[in-house]
file upload-v7.json (JSON, C-alpha atoms and all ligand atoms)
[["chain", "number", "residue", "atom", "x", "y", "z"],
["A", 125, "LYS", "CA", -18.77, 30.30, -7.76],
["A", 126, "LYS", "CA", -17.91, 31.24, -11.30],
["A", 127, "LYS", "CA", -17.25, 28.39, -13.74],
["A", 128, "ILE", "CA", -14.29, 29.39, -15.86],
["A", 129, "SER", "CA", -12.76, 27.85, -18.98],
["A", 130, "ILE", "CA", -9.18, 26.67, -18.95],
["A", 131, "ALA", "CA", -7.23, 26.22, -22.19],
["A", 132, "ILE", "CA", -4.03, 24.16, -22.12],
["A", 133, "ASP", "CA", -1.96, 24.16, -25.29],
["A", 134, "GLY", "CA", 1.54, 23.12, -26.21],
["A", 135, "PRO", "CA", 3.63, 20.75, -28.29],
["A", 136, "ALA", "CA", 3.32, 16.95, -28.30],
["A", 137, "ALA", "CA", 3.95, 15.04, -25.07],
["A", 138, "ALA", "CA", 4.48, 18.12, -22.91],
["A", 139, "GLY", "CA", 2.26, 16.56, -20.21],
["A", 140, "LYS", "CA", -0.85, 18.53, -21.10],
["A", 141, "SER", "CA", -3.41, 15.75, -20.79],
["A", 142, "THR", "CA", -2.18, 14.44, -17.44],
["A", 143, "VAL", "CA", -2.22, 17.90, -15.92],
["A", 144, "ALA", "CA", -5.51, 18.89, -17.59],
["A", 145, "LYS", "CA", -7.19, 15.74, -16.26],
["A", 146, "LEU", "CA", -5.91, 16.42, -12.73],
["A", 147, "THR", "CA", -7.02, 20.05, -12.82],
["A", 148, "ALA", "CA", -10.48, 19.11, -14.09],
["A", 149, "GLU", "CA", -10.81, 16.54, -11.32],
["A", 150, "LYS", "CA", -9.83, 19.00, -8.59],
["A", 151, "LEU", "CA", -12.30, 21.60, -9.86],
["A", 152, "SER", "CA", -15.03, 19.08, -10.77],
["A", 153, "TYR", "CA", -14.88, 20.43, -14.31],
["A", 154, "VAL", "CA", -15.30, 18.60, -17.60],
["A", 155, "TYR", "CA", -12.06, 17.51, -19.26],
["A", 156, "VAL", "CA", -11.92, 17.59, -23.05],
["A", 157, "ASP", "CA", -8.96, 15.93, -24.79],
["A", 158, "THR", "CA", -9.19, 17.51, -28.24],
["A", 159, "GLY", "CA", -6.20, 15.52, -29.54],
["A", 160, "ALA", "CA", -8.23, 12.36, -28.94],
["A", 161, "MET", "CA", -10.88, 13.70, -31.33],
["A", 162, "TYR", "CA", -8.34, 14.22, -34.14],
["A", 163, "ARG", "CA", -6.86, 10.82, -33.32],
["A", 164, "ALA", "CA", -10.26, 9.09, -33.47],
["A", 165, "LEU", "CA", -11.01, 10.61, -36.85],
["A", 166, "THR", "CA", -7.56, 9.60, -38.12],
["A", 167, "TYR", "CA", -8.15, 6.05, -36.88],
["A", 168, "LYS", "CA", -11.42, 5.92, -38.76],
["A", 169, "ALA", "CA", -9.85, 7.29, -41.95],
["A", 170, "ILE", "CA", -7.14, 4.63, -41.80],
["A", 171, "THR", "CA", -9.64, 1.84, -41.08],
["A", 172, "GLU", "CA", -11.91, 2.93, -43.93],
["A", 173, "GLN", "CA", -8.93, 3.39, -46.26],
["A", 174, "VAL", "CA", -9.70, 7.02, -46.86],
["A", 175, "ASP", "CA", -6.91, 8.95, -48.57],
["A", 176, "ILE", "CA", -5.93, 11.31, -45.74],
["A", 177, "HIS", "CA", -4.36, 13.75, -48.18],
["A", 178, "ASN", "CA", -7.69, 14.14, -49.94],
["A", 179, "GLU", "CA", -9.67, 17.01, -48.42],
["A", 180, "GLU", "CA", -12.93, 15.97, -50.11],
["A", 181, "GLN", "CA", -12.73, 12.41, -48.80],
["A", 182, "LEU", "CA", -11.97, 13.61, -45.29],
["A", 183, "LYS", "CA", -14.85, 16.06, -45.48],
["A", 184, "LYS", "CA", -17.28, 13.29, -46.44],
["A", 185, "LEU", "CA", -16.23, 11.27, -43.43],
["A", 186, "LEU", "CA", -17.13, 13.99, -40.91],
["A", 187, "PRO", "CA", -20.95, 13.96, -40.77],
["A", 188, "GLU", "CA", -21.01, 10.19, -40.31],
["A", 189, "THR", "CA", -18.43, 10.20, -37.51],
["A", 190, "LYS", "CA", -19.54, 10.28, -33.90],
["A", 191, "ILE", "CA", -16.86, 10.85, -31.29],
["A", 192, "GLU", "CA", -17.69, 10.71, -27.59],
["A", 193, "LEU", "CA", -15.36, 11.43, -24.69],
["A", 194, "LYS", "CA", -16.59, 9.60, -21.62],
["A", 195, "PRO", "CA", -15.10, 9.98, -18.16],
["A", 196, "SER", "CA", -14.17, 6.63, -16.61],
["A", 197, "GLU", "CA", -12.29, 5.39, -13.55],
["A", 198, "ASN", "CA", -8.92, 5.20, -15.27],
["A", 199, "GLY", "CA", -9.12, 8.40, -17.24],
["A", 200, "GLN", "CA", -11.23, 9.04, -20.27],
["A", 201, "LEU", "CA", -12.78, 6.64, -22.77],
["A", 202, "VAL", "CA", -12.86, 7.57, -26.42],
["A", 203, "ILE", "CA", -15.87, 6.11, -28.22],
["A", 204, "LEU", "CA", -15.91, 6.20, -32.01],
["A", 205, "ASP", "CA", -19.29, 5.37, -33.59],
["A", 206, "GLY", "CA", -20.13, 3.32, -30.51],
["A", 207, "ASN", "CA", -16.82, 1.43, -30.31],
["A", 208, "ASP", "CA", -14.16, 1.90, -27.66],
["A", 209, "VAL", "CA", -11.00, 3.10, -29.45],
["A", 210, "THR", "CA", -9.22, 4.47, -26.35],
["A", 211, "ALA", "CA", -6.14, 2.27, -26.79],
["A", 212, "ALA", "CA", -6.18, 2.02, -30.59],
["A", 213, "ILE", "CA", -5.85, 5.77, -31.14],
["A", 214, "ARG", "CA", -2.54, 5.83, -29.20],
["A", 215, "GLU", "CA", -0.85, 3.40, -31.58],
["A", 216, "ALA", "CA", 2.02, 4.66, -33.73],
["A", 217, "VAL", "CA", 0.07, 4.22, -36.99],
["A", 218, "VAL", "CA", -2.40, 6.84, -35.77],
["A", 219, "THR", "CA", 0.15, 9.08, -34.02],
["A", 220, "ASN", "CA", 2.24, 9.36, -37.16],
["A", 221, "LYS", "CA", -0.68, 10.31, -39.40],
["A", 222, "VAL", "CA", -2.81, 12.49, -37.15],
["A", 223, "SER", "CA", -1.02, 15.76, -38.01],
["A", 224, "ILE", "CA", -1.89, 15.28, -41.68],
["A", 225, "VAL", "CA", -5.59, 14.86, -40.89],
["A", 226, "ALA", "CA", -5.48, 17.74, -38.39],
["A", 227, "ALA", "CA", -4.10, 20.08, -41.05],
["A", 228, "SER", "CA", -7.29, 19.79, -43.12],
["A", 229, "ARG", "CA", -9.41, 22.94, -43.04],
["A", 230, "ALA", "CA", -12.70, 21.02, -43.20],
["A", 231, "VAL", "CA", -11.62, 18.76, -40.36],
["A", 232, "ARG", "CA", -10.55, 21.67, -38.17],
["A", 233, "GLU", "CA", -13.74, 23.65, -38.78],
["A", 234, "GLU", "CA", -15.85, 20.68, -37.72],
["A", 235, "MET", "CA", -13.74, 19.70, -34.71],
["A", 236, "VAL", "CA", -13.46, 23.27, -33.44],
["A", 237, "SER", "CA", -17.23, 23.66, -33.65],
["A", 238, "ARG", "CA", -17.78, 20.39, -31.74],
["A", 239, "GLN", "CA", -15.26, 21.45, -29.13],
["A", 240, "GLN", "CA", -16.87, 24.87, -28.73],
["A", 241, "GLN", "CA", -20.18, 23.14, -28.06],
["A", 242, "LEU", "CA", -18.57, 21.03, -25.35],
["A", 243, "GLY", "CA", -17.14, 24.17, -23.77],
["A", 244, "GLN", "CA", -20.10, 26.50, -24.15],
["A", 245, "ASN", "CA", -21.17, 26.41, -20.50],
["A", 246, "GLY", "CA", -17.71, 26.91, -19.00],
["A", 247, "GLY", "CA", -16.45, 24.65, -16.24],
["A", 248, "VAL", "CA", -14.16, 23.01, -18.73],
["A", 249, "VAL", "CA", -10.48, 22.15, -19.03],
["A", 250, "MET", "CA", -9.53, 21.59, -22.65],
["A", 251, "ASP", "CA", -6.13, 20.59, -23.97],
["A", 252, "GLY", "CA", -4.81, 20.71, -27.51],
["A", 253, "ARG", "CA", -2.90, 22.98, -29.86],
["A", 254, "ASP", "CA", -5.33, 25.79, -30.75],
["A", 255, "ILE", "CA", -7.60, 25.99, -27.71],
["A", 256, "GLY", "CA", -6.46, 29.41, -26.51],
["A", 257, "THR", "CA", -6.18, 30.81, -30.04],
["A", 258, "SER", "CA", -9.26, 29.37, -31.83],
["A", 259, "VAL", "CA", -11.51, 27.10, -29.79],
["A", 260, "LEU", "CA", -11.86, 29.12, -26.58],
["A", 261, "PRO", "CA", -10.35, 32.52, -27.36],
["A", 262, "LYS", "CA", -12.16, 33.99, -24.35],
["A", 263, "ALA", "CA", -10.94, 31.38, -21.85],
["A", 264, "GLU", "CA", -10.26, 32.98, -18.46],
["A", 265, "LEU", "CA", -7.06, 30.99, -18.10],
["A", 266, "LYS", "CA", -4.72, 30.01, -20.92],
["A", 267, "ILE", "CA", -1.65, 27.90, -20.32],
["A", 268, "PHE", "CA", 1.09, 27.13, -22.81],
["A", 269, "MET", "CA", 3.05, 24.08, -21.66],
["A", 270, "LEU", "CA", 6.57, 23.47, -22.90],
["A", 271, "ALA", "CA", 9.39, 21.01, -22.30],
["A", 272, "SER", "CA", 12.55, 20.02, -24.16],
["A", 273, "VAL", "CA", 12.20, 17.37, -26.88],
["A", 274, "GLU", "CA", 14.45, 14.98, -24.89],
["A", 275, "ILE", "CA", 12.25, 15.21, -21.81],
["A", 276, "ARG", "CA", 9.03, 14.86, -23.79],
["A", 277, "ALA", "CA", 10.35, 11.78, -25.59],
["A", 278, "GLN", "CA", 11.45, 10.31, -22.28],
["A", 279, "ARG", "CA", 8.00, 10.83, -20.77],
["A", 280, "ARG", "CA", 6.23, 9.33, -23.78],
["A", 281, "HIS", "CA", 8.66, 6.41, -23.62],
["A", 282, "GLN", "CA", 7.69, 5.70, -20.00],
["A", 283, "GLU", "CA", 4.02, 6.08, -20.89],
["A", 284, "ASN", "CA", 4.33, 3.60, -23.79],
["A", 285, "ILE", "CA", 6.06, 1.06, -21.61],
["A", 286, "SER", "CA", 3.48, 1.37, -18.84],
["A", 287, "ARG", "CA", 0.74, 0.88, -21.46],
["A", 288, "GLY", "CA", 2.45, -2.27, -22.68],
["A", 289, "PHE", "CA", 3.50, -0.81, -26.08],
["A", 290, "SER", "CA", 6.94, -1.28, -27.55],
["A", 291, "SER", "CA", 8.92, 1.94, -27.55],
["A", 292, "ASP", "CA", 12.14, 3.33, -28.98],
["A", 293, "MET", "CA", 13.55, 6.60, -27.58],
["A", 294, "SER", "CA", 15.39, 7.89, -30.67],
["A", 295, "GLN", "CA", 12.40, 7.01, -32.84],
["A", 296, "LEU", "CA", 10.13, 8.90, -30.43],
["A", 297, "MET", "CA", 12.33, 12.00, -30.56],
["A", 298, "LYS", "CA", 12.11, 11.99, -34.35],
["A", 299, "GLU", "CA", 8.34, 11.50, -34.33],
["A", 300, "ILE", "CA", 7.75, 14.25, -31.77],
["A", 301, "GLU", "CA", 9.92, 16.73, -33.68],
["A", 302, "LEU", "CA", 8.16, 15.90, -36.93],
["A", 303, "ARG", "CA", 4.69, 16.24, -35.39],
["A", 304, "ASP", "CA", 5.62, 19.59, -33.76],
["A", 305, "LYS", "CA", 6.93, 20.82, -37.10],
["A", 306, "SER", "CA", 3.74, 19.97, -38.99],
["A", 307, "ASP", "CA", 1.55, 21.33, -36.17],
["A", 308, "MET", "CA", 3.48, 24.63, -36.12],
["A", 309, "GLU", "CA", 3.76, 25.04, -39.86],
["A", 310, "ARG", "CA", 0.22, 24.20, -40.97],
["A", 311, "GLU", "CA", -1.87, 26.97, -42.46],
["A", 312, "VAL", "CA", -5.07, 26.59, -40.43],
["A", 313, "SER", "CA", -4.75, 27.43, -36.72],
["A", 314, "PRO", "CA", -1.16, 26.32, -36.24],
["A", 315, "LEU", "CA", 0.33, 25.55, -32.85],
["A", 316, "VAL", "CA", 1.26, 28.94, -31.45],
["A", 317, "LYS", "CA", 1.19, 30.46, -27.98],
["A", 318, "ALA", "CA", -1.79, 32.79, -27.54],
["A", 319, "ALA", "CA", -0.73, 36.35, -26.71],
["A", 320, "ASP", "CA", -2.45, 36.13, -23.31],
["A", 321, "ALA", "CA", -1.30, 32.60, -22.44],
["A", 322, "ILE", "CA", 0.92, 31.91, -19.45],
["A", 323, "GLU", "CA", 3.94, 29.85, -20.36],
["A", 324, "ILE", "CA", 5.00, 26.97, -18.12],
["A", 325, "ASP", "CA", 8.22, 25.09, -18.88],
["A", 326, "THR", "CA", 7.65, 21.68, -17.34],
["A", 327, "SER", "CA", 11.14, 20.30, -18.12],
["A", 328, "ASN", "CA", 12.17, 20.42, -14.47],
["A", 329, "LEU", "CA", 8.75, 20.20, -12.82],
["A", 330, "SER", "CA", 6.76, 17.21, -11.63],
["A", 331, "ILE", "CA", 3.15, 16.67, -12.67],
["A", 332, "ASP", "CA", 2.00, 17.70, -9.21],
["A", 333, "GLU", "CA", 4.04, 20.90, -9.32],
["A", 334, "VAL", "CA", 2.55, 21.89, -12.68],
["A", 335, "ALA", "CA", -0.97, 21.00, -11.54],
["A", 336, "HIS", "CA", -0.45, 23.01, -8.37],
["A", 337, "GLU", "CA", 0.69, 26.06, -10.34],
["A", 338, "ILE", "CA", -2.32, 25.84, -12.67],
["A", 339, "MET", "CA", -4.72, 25.41, -9.73],
["A", 340, "LYS", "CA", -3.27, 28.54, -8.14],
["A", 341, "LEU", "CA", -3.80, 30.52, -11.35],
["A", 342, "ALA", "CA", -7.32, 29.10, -11.70],
["A", 343, "GLN", "CA", -8.32, 30.00, -8.12],
["A", 344, "GLU", "CA", -7.26, 33.61, -8.77],
["A", 345, "ARG", "CA", -9.80, 33.74, -11.59],
["A", 346, "ILE", "CA", -12.76, 31.94, -10.06],
["A", 401, "LIG", "O1", -2.62, 15.94, -28.01],
["A", 401, "LIG", "P1", -2.29, 14.81, -28.95],
["A", 401, "LIG", "O2", -0.81, 14.55, -29.03],
["A", 401, "LIG", "O3", -3.07, 13.57, -28.68],
["A", 401, "LIG", "O4", -2.75, 15.35, -30.38],
["A", 401, "LIG", "C1", -2.59, 14.58, -31.54],
["A", 401, "LIG", "C2", -2.51, 15.48, -32.76],
["A", 401, "LIG", "O5", -3.78, 16.07, -33.01],
["A", 401, "LIG", "C3", -1.54, 16.66, -32.70],
["A", 401, "LIG", "O6", -0.21, 16.31, -33.06],
["A", 401, "LIG", "C4", -2.14, 17.64, -33.69],
["A", 401, "LIG", "O7", -1.76, 17.32, -35.02],
["A", 401, "LIG", "C5", -3.63, 17.36, -33.56],
["A", 401, "LIG", "N1", -4.31, 18.34, -32.71],
["A", 401, "LIG", "C6", -4.65, 19.55, -33.25],
["A", 401, "LIG", "N2", -5.38, 20.45, -32.52],
["A", 401, "LIG", "C7", -5.75, 20.17, -31.27],
["A", 401, "LIG", "C8", -5.38, 18.95, -30.67],
["A", 401, "LIG", "C9", -4.64, 18.05, -31.42],
["A", 401, "LIG", "O8", -4.32, 19.83, -34.40],
["A", 401, "LIG", "N3", -6.49, 21.07, -30.59]]
call {"tool": "encode", "arguments": {"input": "upload-v7.json", "output": "structure tokens", "more": "lines below"}}
Ligand code: C5P
result
Amino acid sequence: KKKISIAIDGPAAAGKSTVAKLTAEKLSYVYVDTGAMYRALTYKAITEQVDIHNEEQLKKLLPETKIELKPSENGQLVILDGNDVTAAIREAVVTNKVSIVAASRAVREEMVSRQQQLGQNGGVVMDGRDIGTSVLPKAELKIFMLASVEIRAQRRHQENISRGFSSDMSQLMKEIELRDKSDMEREVSPLVKAADAIEIDTSNLSIDEVAHEIMKLAQERI
């Protein structure tokens, strides 16, 4: 059986990671959450009081930053320089700064290269913003997942509550819109649907329905 690559892109909180994880599980593929990599780097920059608007300072941080994505029973662990930062990188302080770090050219070059290494043998499901356009331009299956801002905020709200974080719906809507705007308007590999990506609007679909649709498309290509 052929091991294909699956790229899942789309705006914030569209349900990409949940569906990507499920798809990877069903196919026994590796799941790579590229957003977690940008989040881990942002977390480190904040902790080390690096000026995130300073390209040179961000660039210096890269070679000394080790980010590992480890599969675990309840999802994926994110290990930064040997420390578990899985929960910490989901906090609002990181979420609200990550798009600034992710806009840096040096940061993107490094992260894209690391991600390409992780995907070089195929058998991978990767989710992010530029997977189909920059990281895995030859992926056999490219999905672009969409949903209305209201629905995405609602989902993130539920997720926050189930994780034990405080959460405010109208605040979330604002944050999601702002993050989408910076991700779409940045100069280096902005969030855009690849020409050969299949669009799925998940506004009225359950996670299982979306996963089922993606599995069907994957099976056609394996
Ligand atoms: O997917 P997630 O919401 O965790 O991503 C966090 C942020 O990381 C995004 O808002 C975006 O700024 C950045 N990102 C990116 N390219 C990717 C994945 C994430 O720029 N491939």
call {"tool": "residues_around", "arguments": {"input": "upload-v7.json", "residues": "Gly159 (chain A)", "least_positions_apart": "5", "cutoff": "9 Å", "atoms": "all atoms listed in the file", "output": "VMD selection string"}}
result
chain A and resid 164 222 251 to 253
call {"tool": "residues_around", "arguments": {"input": "upload-v7.json", "residues": "Val143 (chain A)", "least_positions_apart": "6", "cutoff": "10 Å", "atoms": "all atoms listed in the file", "output": "ChimeraX atom specification"}}
result
/A:132,149,249,251,269,330-336,338
call {"tool": "closest_atom_pairs", "arguments": {"input": "upload-v7.json", "of": "chain A", "to": "ligand LIG 401 (chain A)", "cutoff": "9 Å", "atoms": "all atoms listed in the file", "output": "Markdown table"}}
result
| residue | atom | partner | partner_atom | distance |
| --- | --- | --- | --- | --- |
| A:Asp133 | CA | A:LIG401 | N3 | 7.6 |
| A:Gly134 | CA | A:LIG401 | O1 | 8.5 |
| A:Pro135 | CA | A:LIG401 | O6 | 7.6 |
| A:Ala136 | CA | A:LIG401 | O2 | 4.8 |
| A:Ala137 | CA | A:LIG401 | O2 | 6.2 |
| A:Ala138 | CA | A:LIG401 | O2 | 8.8 |
| A:Lys140 | CA | A:LIG401 | O1 | 7.6 |
| A:Ser141 | CA | A:LIG401 | O1 | 7.3 |
| A:Asp157 | CA | A:LIG401 | O1 | 7.1 |
| A:Thr158 | CA | A:LIG401 | C8 | 4.7 |
| A:Gly159 | CA | A:LIG401 | C9 | 3.5 |
| A:Ala160 | CA | A:LIG401 | O3 | 5.3 |
| A:Met161 | CA | A:LIG401 | C9 | 7.6 |
| A:Tyr162 | CA | A:LIG401 | O5 | 5.0 |
| A:Arg163 | CA | A:LIG401 | C1 | 6.0 |
| A:Ile213 | CA | A:LIG401 | O3 | 8.6 |
| A:Arg214 | CA | A:LIG401 | O3 | 7.8 |
| A:Val218 | CA | A:LIG401 | C1 | 8.8 |
| A:Thr219 | CA | A:LIG401 | C1 | 6.6 |
| A:Asn220 | CA | A:LIG401 | O6 | 8.4 |
| A:Lys221 | CA | A:LIG401 | O7 | 8.3 |
| A:Val222 | CA | A:LIG401 | C2 | 5.3 |
| A:Ser223 | CA | A:LIG401 | O7 | 3.5 |
| A:Ile224 | CA | A:LIG401 | O7 | 7.0 |
| A:Val225 | CA | A:LIG401 | O7 | 7.4 |
| A:Ala226 | CA | A:LIG401 | O8 | 4.7 |
| A:Ala227 | CA | A:LIG401 | O8 | 6.7 |
| A:Arg232 | CA | A:LIG401 | O8 | 7.5 |
| A:Met235 | CA | A:LIG401 | N3 | 8.5 |
| A:Val236 | CA | A:LIG401 | N3 | 7.8 |
| A:Gln239 | CA | A:LIG401 | N3 | 8.9 |
| A:Met250 | CA | A:LIG401 | N3 | 8.5 |
| A:Asp251 | CA | A:LIG401 | N3 | 6.6 |
| A:Gly252 | CA | A:LIG401 | N3 | 3.5 |
| A:Arg253 | CA | A:LIG401 | N3 | 4.1 |
| A:Asp254 | CA | A:LIG401 | N3 | 4.9 |
| A:Ile255 | CA | A:LIG401 | N3 | 5.8 |
| A:Ser258 | CA | A:LIG401 | N3 | 8.8 |
| A:Val259 | CA | A:LIG401 | N3 | 7.9 |
| A:Ile300 | CA | A:LIG401 | O6 | 8.3 |
| A:Arg303 | CA | A:LIG401 | O6 | 5.4 |
| A:Asp304 | CA | A:LIG401 | O6 | 6.7 |
| A:Ser306 | CA | A:LIG401 | O7 | 7.3 |
| A:Asp307 | CA | A:LIG401 | O7 | 5.3 |
| A:Ser313 | CA | A:LIG401 | O8 | 8.0 |
| A:Pro314 | CA | A:LIG401 | O8 | 7.4 |
| A:Leu315 | CA | A:LIG401 | O8 | 7.5 |
call {"tool": "atom_distance", "arguments": {"input": "upload-v7.json", "atom1": "CA of Glu344 (chain A)", "atom2": "CA of Leu242 (chain A)"}}
result
23.7 Å
call {"tool": "residues_around", "arguments": {"input": "upload-v7.json", "residues": "Ile324 (chain A)", "least_positions_apart": "4", "cutoff": "9 Å", "atoms": "only C-alpha atoms", "output": "count of residues only"}}
result
7
call {"tool": "closest_residue", "arguments": {"input": "upload-v7.json", "among": "A:Arg276, A:Lys183, A:Arg238, A:Arg229", "to": "Arg310 (chain A)", "atoms": "all atoms listed in the file"}}
result
A:Arg229
call {"tool": "residues_around", "arguments": {"input": "upload-v7.json", "residues": "Leu204 (chain A)", "least_positions_apart": "6", "cutoff": "12 Å", "atoms": "only C-alpha atoms", "output": "short mmCIF file (atom, residue, chain, number, x, y, z; two decimals) with C-alpha atoms, in the frame of the given file"}}
result
data_model
loop_
_atom_site.label_atom_id
_atom_site.label_comp_id
_atom_site.auth_asym_id
_atom_site.auth_seq_id
_atom_site.Cartn_x
_atom_site.Cartn_y
_atom_site.Cartn_z
CA ALA A 160 -8.23 12.36 -28.94
CA MET A 161 -10.88 13.70 -31.33
CA TYR A 162 -8.34 14.22 -34.14
CA ARG A 163 -6.86 10.82 -33.32
CA ALA A 164 -10.26 9.09 -33.47
CA LEU A 165 -11.01 10.61 -36.85
CA THR A 166 -7.56 9.60 -38.12
CA TYR A 167 -8.15 6.05 -36.88
CA LYS A 168 -11.42 5.92 -38.76
CA ALA A 169 -9.85 7.29 -41.95
CA THR A 171 -9.64 1.84 -41.08
CA LEU A 186 -17.13 13.99 -40.91
CA GLU A 188 -21.01 10.19 -40.31
CA THR A 189 -18.43 10.20 -37.51
CA LYS A 190 -19.54 10.28 -33.90
CA ILE A 191 -16.86 10.85 -31.29
CA GLU A 192 -17.69 10.71 -27.59
CA LEU A 193 -15.36 11.43 -24.69
CA LYS A 194 -16.59 9.60 -21.62
CA THR A 210 -9.22 4.47 -26.35
CA ALA A 211 -6.14 2.27 -26.79
CA ALA A 212 -6.18 2.02 -30.59
CA ILE A 213 -5.85 5.77 -31.14
#
call {"tool": "closest_residue", "arguments": {"input": "upload-v7.json", "among": "A:Lys127, A:Lys150, A:Arg287, A:Lys145", "to": "Lys340 (chain A)", "atoms": "only C-alpha atoms"}}
result
A:Lys150
call {"tool": "closest_residue", "arguments": {"input": "upload-v7.json", "among": "A:Gln240, A:Gln200, A:Ser228, A:Asp205", "to": "Gln181 (chain A)", "atoms": "all atoms listed in the file"}}
result
A:Ser228
call {"tool": "atom_distance", "arguments": {"input": "upload-v7.json", "atom1": "CA of Gly247 (chain A)", "atom2": "CA of Met339 (chain A)"}}
result
13.4 Å
call {"tool": "residues_near_point", "arguments": {"input": "upload-v7.json", "point": "(-7.2, 10.2, -17.6)", "cutoff": "9 Å", "atoms": "all atoms listed in the file", "output": "NGL selection string"}}
result
:A and (141-142 or 144-146 or 155 or 195-201)
call {"tool": "atom_distance", "arguments": {"input": "upload-v7.json", "atom1": "CA of Arg280 (chain A)", "atom2": "CA of Gly256 (chain A)"}}
result
23.9 Å
call {"tool": "closest_residue", "arguments": {"input": "upload-v7.json", "among": "A:Ile322, A:Leu329, A:Ile170, A:Ala148", "to": "Leu341 (chain A)", "atoms": "only C-alpha atoms"}}
result
A:Ile322
call {"tool": "residues_around", "arguments": {"input": "upload-v7.json", "residues": "Ser294 (chain A)", "least_positions_apart": "2", "cutoff": "12 Å", "atoms": "only C-alpha atoms", "output": "PDB file with C-alpha atoms, in the coordinates of the input"}}
result
ATOM      1  CA  VAL A 273      12.200  17.370 -26.880  1.00  0.00           C
ATOM      2  CA  GLU A 274      14.450  14.980 -24.890  1.00  0.00           C
ATOM      3  CA  ILE A 275      12.250  15.210 -21.810  1.00  0.00           C
ATOM      4  CA  ARG A 276       9.030  14.860 -23.790  1.00  0.00           C
ATOM      5  CA  ALA A 277      10.350  11.780 -25.590  1.00  0.00           C
ATOM      6  CA  GLN A 278      11.450  10.310 -22.280  1.00  0.00           C
ATOM      7  CA  ARG A 280       6.230   9.330 -23.780  1.00  0.00           C
ATOM      8  CA  HIS A 281       8.660   6.410 -23.620  1.00  0.00           C
ATOM      9  CA  SER A 291       8.920   1.940 -27.550  1.00  0.00           C
ATOM     10  CA  ASP A 292      12.140   3.330 -28.980  1.00  0.00           C
ATOM     11  CA  LEU A 296      10.130   8.900 -30.430  1.00  0.00           C
ATOM     12  CA  MET A 297      12.330  12.000 -30.560  1.00  0.00           C
ATOM     13  CA  LYS A 298      12.110  11.990 -34.350  1.00  0.00           C
ATOM     14  CA  GLU A 299       8.340  11.500 -34.330  1.00  0.00           C
ATOM     15  CA  ILE A 300       7.750  14.250 -31.770  1.00  0.00           C
ATOM     16  CA  GLU A 301       9.920  16.730 -33.680  1.00  0.00           C
TER      17      GLU A 301
END
